[in-house]
Amino acid sequence: MSTRIRTRSAAAAVVLLAGAVGAGVVSSTSATAAAGNNGRIKNVIYLLGDGMGRTHVTAARERFYGAAGHLAMETMPVVGQVSTYAVEKKSGQPGAADFVPNYVTDSASAATAWASGVKTYNAALGIDAKGKVVPTVMELAKQAGYRTGNVSTAEITDATPAGQMSHALARGCQGPSYSEAACQDTTVTGALLPTSDIRVTPIADQIARNGTADVILGGGLARFDAADEKALQQQGYTVLGSPASQKVATRGDLAATRGSKVFGLFNTGNLTIEKYKREHPESPQAAEPSLPEMTSRAIDLLAGNNGGGKGFYLQVEGALIDKRSHANDAAQTLEEMKAFDDAVKVALDFAKRDGHTLVIVTADHECAGFNIIEKGTFTNAEAAAPPVNTDGGNTANNSTPTRPGGNVKDPSRSTGIVNGAGASDSRNFAPATFRTPDDPATVRDGSPEASLWLTYLSGNHTGADVPVFAYGSGAEAMAGSIDNTDLFNIVGRALGLAG
Amino acid sequence: MQNRHAHALAGFLVAAALVTTAACSDERGAEQPPAPAAAVKTAFPGLTPASGEPTLDGLSQRHPAPGTVVTVPGPFDDRFDFTGLTLNRDAVSGGVVVTSDVSEILELQVVAGLYDSSGQLLHTGRFVHHRGEDGHDHGAPEERESFSIAIPSQLRDRVVSAAVGVPVLVNE
């Protein structure tokens, strides 16, 4: 069916569009209410764990709640899976003759997919793969009169938050300064664009001036300067801290603000990992709000200043899941997963009280091939040879080549647990072991006795589908297998933006 | 699967709306909602477009002593350390070790001011690291980047000191 759709002419699509919208595609009132919502959606809270694959969810559940426990996101009534592939530069959209997929996405391409409903190339933000500017759902929501918010533990100019409130040929064009290498891409445009073109305007400059998000909370103060602060204030933002003086905002600043439009960045770069803040409570970084704290405050600010009852659209990113997965640091990855799930709980609790809120929890891509292996076993990266295959002569299962043996742990490559006694041996690949609530109290992280054994495939993204969890009217649209571009339409329809 | 296909259709239609309605925006009736393309702000009055490559104010303010390589402040000084800064007849060189991230360095620029014996700035050179076109299959994350900024041949007899700083740094 999809092939038939994709080969329709553009003119036919426009005709269909008129009919479909006129028939009520924008309405969510007739949709089945999922888990108690009454069917009329006013708010959408879209949370994503950057780099969060299915195993990240399972591992965090087992680490913090045990095998029989549940993360908050796992209590949501609708579960599906999302394909995440990107496309190459100058590719057409799926179904077009010039469609060229790239099976492993980055955060920029993925953010553009759900924010604007188009496939694009890795590094692109708010444009399609041929460089055409496409509106984002946050821009459309703002245009339609919704309150809007964007929260991240990364720099707010980083790919995921920027995907909703900027348009750039290259995600590296973050600011504070323009540079040709970071901002231009003549492979896409054919020639250098004038520096007044939005697609080569530093992302920080765009965010400070386009007013797309009413509430902006995260990191990345170093990307902004005095001119940005002035531009924000002229639009009515309450600026916490100061881009001009590079004074970061604090948890106290956030708690005290009553502004309708709030800009608060709590670190010059990415926010600090939860593990460090927990272990260094007197450090300046411990004054940064956590992701659940930012989420709670953003909801308060958006719902409390709800634009005459229209509602709000809020995006929340747990960014450090990905950044610590790149580093194959399972301990920090797990704590960032916990913080993200706590933010999900904040959103869910609000949705259950409110009765008119759709909550979506998903990811942009999987990072690092995270896996749970059986206690006491080892990975191929630690082995002298791949698993045994001695059935080369069996006509029912004659895989080649025949491997009669050798699948044993290679002591010259990896000697032990990476976060225990073996942590000082740089040759060690894995596993990292963690105690869980199912273990006896005497069991420690990094010991062979710990029951949760975690490994990584690489230090990079993978092409695996990611999970999606949903609550509220319209959530059923995310059951089964969907593509990340479908999320644009699902959110747009919930907010009535397509009409 | 039927559900998925239904959404694929709806998504396609919305995407088509985004692309097509912009061209028809002048024909809309007054009661119709604004065109989706109008949601994008593409111009920012008061923002002066960049006129060249980034530099650092400190380069024109420093007068380093002969034989030295000093550093000047930039917006990302809490994210990296300089290592092995050296100046010889041909180049100023060294390394940047990113201390704030372990993900790949997407963008890095090092600017170098070159000075004569009186401390006068003679020339500004630049090292540019830009991630290549190899998609995302890029191997291990990098934390270190070596740089070398050549001294123009006509200045080699006059350059006696240098200053370096980082105006551009982006990690994935």
# chains A, B, ... in the order shown; residues from 1 in each chain; ligands from 1

$ residues_around --residues "Ala68 of chain A" --least-positions-apart "4" --cutoff "12 Å" --atoms "only C-alpha atoms" --output "ChimeraX atom specification"
/A:58,61-64,74,436-438

$ residues_around --residues "Asp77 of chain B" --least-positions-apart "2" --cutoff "12 Å" --atoms "only C-alpha atoms" --output "list in words"
Ala222, Thr268 and Gly269 of chain A; Thr71, Val72, Pro73, Gly74, Pro75, Arg79, Phe80, Asp81, Phe82, Val96, Val97, Val98, Thr99, Ser100, Val110, Val164, Gly165, Val166, Pro167, Val168 and Leu169 of chain B

$ write_last_selection --atoms "N, CA and C atoms" --output "mmCIF file, in the first residue's frame"
data_model
loop_
_atom_site.group_PDB
_atom_site.id
_atom_site.type_symbol
_atom_site.label_atom_id
_atom_site.label_comp_id
_atom_site.auth_asym_id
_atom_site.auth_seq_id
_atom_site.Cartn_x
_atom_site.Cartn_y
_atom_site.Cartn_z
ATOM 1 N N ALA A 222 27.370 28.971 26.597
ATOM 2 C CA ALA A 222 28.508 29.507 25.842
ATOM 3 C C ALA A 222 28.173 29.769 24.378
ATOM 4 N N THR A 268 27.484 26.093 30.916
ATOM 5 C CA THR A 268 27.997 26.651 29.658
ATOM 6 C C THR A 268 27.971 25.604 28.552
ATOM 7 N N GLY A 269 28.068 24.347 28.931
ATOM 8 C CA GLY A 269 27.989 23.254 27.953
ATOM 9 C C GLY A 269 26.818 22.350 28.272
ATOM 10 N N THR B 71 48.012 31.766 25.228
ATOM 11 C CA THR B 71 46.624 31.488 24.848
ATOM 12 C C THR B 71 45.767 32.726 25.075
ATOM 13 N N VAL B 72 44.694 32.823 24.296
ATOM 14 C CA VAL B 72 43.741 33.922 24.464
ATOM 15 C C VAL B 72 42.366 33.322 24.757
ATOM 16 N N PRO B 73 41.544 34.067 25.497
ATOM 17 C CA PRO B 73 40.242 33.510 25.889
ATOM 18 C C PRO B 73 39.305 33.297 24.705
ATOM 19 N N GLY B 74 38.509 32.258 24.806
ATOM 20 C CA GLY B 74 37.456 31.963 23.843
ATOM 21 C C GLY B 74 36.240 31.448 24.576
ATOM 22 N N PRO B 75 35.153 31.226 23.862
ATOM 23 C CA PRO B 75 33.905 30.838 24.536
ATOM 24 C C PRO B 75 33.901 29.425 25.098
ATOM 25 N N ARG B 79 36.170 23.633 28.108
ATOM 26 C CA ARG B 79 35.868 22.340 27.477
ATOM 27 C C ARG B 79 37.098 21.624 26.935
ATOM 28 N N PHE B 80 38.265 22.252 27.029
ATOM 29 C CA PHE B 80 39.450 21.623 26.431
ATOM 30 C C PHE B 80 40.706 22.131 27.117
ATOM 31 N N ASP B 81 41.800 21.419 26.870
ATOM 32 C CA ASP B 81 43.135 21.857 27.280
ATOM 33 C C ASP B 81 44.015 21.919 26.042
ATOM 34 N N PHE B 82 44.862 22.940 25.984
ATOM 35 C CA PHE B 82 45.914 22.949 24.976
ATOM 36 C C PHE B 82 47.068 22.091 25.472
ATOM 37 N N VAL B 96 44.747 19.930 20.955
ATOM 38 C CA VAL B 96 43.568 20.273 21.748
ATOM 39 C C VAL B 96 43.003 18.965 22.288
ATOM 40 N N VAL B 97 42.885 18.887 23.593
ATOM 41 C CA VAL B 97 42.277 17.714 24.222
ATOM 42 C C VAL B 97 40.939 18.142 24.823
ATOM 43 N N VAL B 98 39.871 17.614 24.264
ATOM 44 C CA VAL B 98 38.536 17.950 24.759
ATOM 45 C C VAL B 98 38.309 17.235 26.084
ATOM 46 N N THR B 99 37.931 17.994 27.089
ATOM 47 C CA THR B 99 37.748 17.422 28.422
ATOM 48 C C THR B 99 36.284 17.330 28.828
ATOM 49 N N SER B 100 35.395 17.878 28.019
ATOM 50 C CA SER B 100 33.984 17.939 28.413
ATOM 51 C C SER B 100 33.144 16.843 27.781
ATOM 52 N N VAL B 110 41.061 26.478 15.533
ATOM 53 C CA VAL B 110 42.079 27.127 16.343
ATOM 54 C C VAL B 110 42.594 28.306 15.539
ATOM 55 N N VAL B 164 47.286 31.638 20.675
ATOM 56 C CA VAL B 164 46.283 30.740 20.090
ATOM 57 C C VAL B 164 45.015 30.742 20.941
ATOM 58 N N GLY B 165 43.906 30.461 20.283
ATOM 59 C CA GLY B 165 42.620 30.348 20.978
ATOM 60 C C GLY B 165 41.638 29.570 20.126
ATOM 61 N N VAL B 166 40.502 29.215 20.722
ATOM 62 C CA VAL B 166 39.502 28.372 20.047
ATOM 63 C C VAL B 166 38.166 29.121 19.978
ATOM 64 N N PRO B 167 37.771 29.595 18.792
ATOM 65 C CA PRO B 167 36.459 30.248 18.658
ATOM 66 C C PRO B 167 35.325 29.295 18.272
ATOM 67 N N VAL B 168 35.654 28.099 17.790
ATOM 68 C CA VAL B 168 34.632 27.152 17.339
ATOM 69 C C VAL B 168 34.946 25.770 17.907
ATOM 70 N N LEU B 169 33.999 25.186 18.617
ATOM 71 C CA LEU B 169 34.135 23.815 19.106
ATOM 72 C C LEU B 169 32.740 23.218 19.257
#

$ closest_residue --among "B:Glu53, B:Ser146, B:Arg156, B:His129" --to "Gly84 of chain B" --atoms "only C-alpha atoms"
B:Ser146

$ residues_around --residues "Pro66 of chain B" --least-positions-apart "5" --cutoff "9 Å" --atoms "only C-alpha atoms" --output "compact mmCIF listing (two decimals) with N, CA and C atoms, in the first residue's frame"
# COMPACT_ATOMS: atom_id res chain seq x y z
N TYR B 115 53.26 37.31 15.92
CA TYR B 115 53.71 38.64 16.38
C TYR B 115 55.19 38.83 16.07
N ASP B 116 55.57 40.11 15.89
CA ASP B 116 56.99 40.42 15.70
C ASP B 116 57.64 40.72 17.05
N SER B 117 58.89 41.12 17.01
CA SER B 117 59.65 41.29 18.25
C SER B 117 59.13 42.44 19.11
N SER B 118 58.36 43.35 18.51
CA SER B 118 57.78 44.43 19.29
C SER B 118 56.40 44.08 19.83
N GLY B 119 55.94 42.87 19.54
CA GLY B 119 54.62 42.45 20.00
C GLY B 119 53.49 42.86 19.08
N VAL B 159 58.42 36.67 12.55
CA VAL B 159 57.58 36.12 13.62
C VAL B 159 58.44 35.56 14.75
N VAL B 160 58.19 36.05 15.96
CA VAL B 160 58.97 35.58 17.11
C VAL B 160 58.09 35.02 18.23
N SER B 161 56.77 35.23 18.12
CA SER B 161 55.89 34.71 19.17
C SER B 161 54.50 34.49 18.58
N ALA B 162 53.65 33.81 19.37
CA ALA B 162 52.31 33.49 18.87
C ALA B 162 51.32 33.43 20.02

$ residues_around --residues "Ser447 of chain A" --least-positions-apart "2" --cutoff "12 Å" --atoms "only C-alpha atoms" --output "PyMOL selection string"
chain A and resi 375-376+416-423+431-435+439+442-445+449-453

$ write_last_selection --atoms "C-alpha atoms" --output "PDB file, in the first residue's frame"
ATOM      1  CA  LYS A 375      25.767 -13.715  34.133  1.00  0.00           C
ATOM      2  CA  GLY A 376      29.129 -15.415  33.821  1.00  0.00           C
ATOM      3  CA  GLY A 416      37.542  -9.258  33.439  1.00  0.00           C
ATOM      4  CA  ILE A 417      34.729  -7.048  34.523  1.00  0.00           C
ATOM      5  CA  VAL A 418      35.191  -3.536  33.278  1.00  0.00           C
ATOM      6  CA  ASN A 419      33.785  -1.692  36.278  1.00  0.00           C
ATOM      7  CA  GLY A 420      35.164  -3.910  39.015  1.00  0.00           C
ATOM      8  CA  ALA A 421      38.659  -5.119  39.728  1.00  0.00           C
ATOM      9  CA  GLY A 422      39.302  -5.066  36.011  1.00  0.00           C
ATOM     10  CA  ALA A 423      38.543  -1.362  35.664  1.00  0.00           C
ATOM     11  CA  PRO A 431      30.994  -6.629  30.900  1.00  0.00           C
ATOM     12  CA  ALA A 432      30.038  -3.987  33.421  1.00  0.00           C
ATOM     13  CA  THR A 433      28.171  -5.657  36.248  1.00  0.00           C
ATOM     14  CA  PHE A 434      25.584  -4.097  38.537  1.00  0.00           C
ATOM     15  CA  ARG A 435      23.666  -5.201  41.554  1.00  0.00           C
ATOM     16  CA  ASP A 439      20.469  -9.377  44.653  1.00  0.00           C
ATOM     17  CA  THR A 442      26.129  -7.988  50.193  1.00  0.00           C
ATOM     18  CA  VAL A 443      26.487  -7.976  46.395  1.00  0.00           C
ATOM     19  CA  ARG A 444      28.388  -5.019  44.969  1.00  0.00           C
ATOM     20  CA  ASP A 445      28.573  -3.341  41.578  1.00  0.00           C
ATOM     21  CA  GLU A 449      28.150 -11.905  41.819  1.00  0.00           C
ATOM     22  CA  ALA A 450      26.123  -8.941  40.569  1.00  0.00           C
ATOM     23  CA  SER A 451      23.242 -10.169  38.468  1.00  0.00           C
ATOM     24  CA  LEU A 452      23.047  -7.495  35.745  1.00  0.00           C
ATOM     25  CA  TRP A 453      25.809  -7.932  33.147  1.00  0.00           C
TER      26      TRP A 453
END

$ residues_around --residues "Thr75 of chain A" --least-positions-apart "3" --cutoff "12 Å" --atoms "only C-alpha atoms" --output "ChimeraX atom specification"
/A:35,61,69-72,78-79,341,344-345,348-349,359,361,469-471

$ closest_residue --among "B:Asp90, B:Asp157, B:Glu143, B:Glu107" --to "chain A" --atoms "only C-alpha atoms"
B:Glu107

$ residues_around --residues "Thr333 of chain A" --least-positions-apart "2" --cutoff "6 Å" --atoms "only C-alpha atoms" --output "list in words"
Ile321, Arg324, Ala330, Ala331, Glu335 and Glu336 of chain A

$ write_last_selection --atoms "C-alpha atoms" --output "PDB file, in the first residue's frame"
ATOM      1  CA  ILE A 321      21.894   8.696  27.884  1.00  0.00           C
ATOM      2  CA  ARG A 324      27.419   8.326  28.135  1.00  0.00           C
ATOM      3  CA  ALA A 330      27.093   1.899  31.774  1.00  0.00           C
ATOM      4  CA  ALA A 331      27.005   3.275  35.311  1.00  0.00           C
ATOM      5  CA  GLU A 335      21.611   6.898  36.132  1.00  0.00           C
ATOM      6  CA  GLU A 336      20.695   9.106  33.178  1.00  0.00           C
TER       7      GLU A 336
END

$ residues_around --residues "Val82 of chain A" --least-positions-apart "3" --cutoff "12 Å" --atoms "only C-alpha atoms" --output "short mmCIF file (atom, residue, chain, number, x, y, z; two decimals) with C-alpha atoms, in the first residue's frame"
data_model
loop_
_atom_site.label_atom_id
_atom_site.label_comp_id
_atom_site.auth_asym_id
_atom_site.auth_seq_id
_atom_site.Cartn_x
_atom_site.Cartn_y
_atom_site.Cartn_z
CA MET A 52 17.70 4.95 24.28
CA GLY A 53 17.22 1.52 22.77
CA ARG A 54 15.04 -1.26 24.07
CA VAL A 79 3.78 0.36 23.19
CA TYR A 85 16.71 5.45 9.26
CA ALA A 110 16.00 11.88 13.62
CA ALA A 113 11.95 13.40 11.05
CA TRP A 114 9.59 13.74 14.00
CA VAL A 361 8.04 8.59 25.18
CA THR A 362 10.52 7.44 22.56
CA ALA A 363 14.10 7.81 21.33
CA ASP A 364 15.90 9.14 18.29
CA HIS A 365 18.13 6.09 17.81
CA GLU A 366 19.87 3.37 19.72
CA GLY A 463 20.29 1.16 13.22
CA ALA A 464 17.98 -0.70 15.58
CA ASP A 465 14.36 0.38 15.91
CA VAL A 466 13.58 2.20 19.14
CA PRO A 467 10.62 1.79 21.49
CA VAL A 468 7.72 4.19 21.79
CA PHE A 469 5.37 4.35 24.77
CA ALA A 477 -1.69 5.38 16.71
CA MET A 478 1.69 4.40 18.10
CA ALA A 479 0.89 0.73 18.67
CA GLY A 480 2.75 -1.59 16.32
CA SER A 481 5.48 -0.52 13.94
CA ILE A 482 5.71 3.09 12.83
CA ASP A 483 8.36 5.31 11.30
CA ASN A 484 9.84 8.32 13.06
CA THR A 485 8.26 10.64 10.46
CA ASP A 486 4.83 9.32 11.50
CA LEU A 487 5.32 10.98 14.88
CA ARG B 4 0.64 1.92 10.09
#

$ select_by_dssp --residues "segment 66-167 of chain B" --states "strand (DSSP E)" --output "PyMOL selection string"
chain B and resi 69-71+80-87+91-98+105-115+121-130+144-150+161-167

$ atom_distance --atom1 "atom CA of Ala91 of chain B" --atom2 "atom CA of Gly113 of chain B"
11.3 Å

$ atom_distance --atom1 "atom CA of Val104 of chain A" --atom2 "atom CA of Asp101 of chain B"
21.5 Å

$ closest_residue --among "A:Gly49, A:Gly92, A:Gly149, A:Pro289" --to "Lys132 of chain A" --atoms "only C-alpha atoms"
A:Gly92

$ atom_distance --atom1 "atom CA of Thr48 of chain B" --atom2 "atom CA of Gln233 of chain A"
17.8 Å

$ closest_residue --among "B:Arg62, B:Arg158, B:Arg126, B:Lys41" --to "chain A" --atoms "only C-alpha atoms"
B:Lys41

$ select_by_dssp --residues "segment 182-344 of chain A" --states "helix (DSSP H, G or I)" --output "number ranges by chain"
A: 182-183, 186-189, 198-200, 203-210, 221-223, 226-234, 251-256, 274-279, 284-287, 291-304, 307-309, 320-326, 330-344
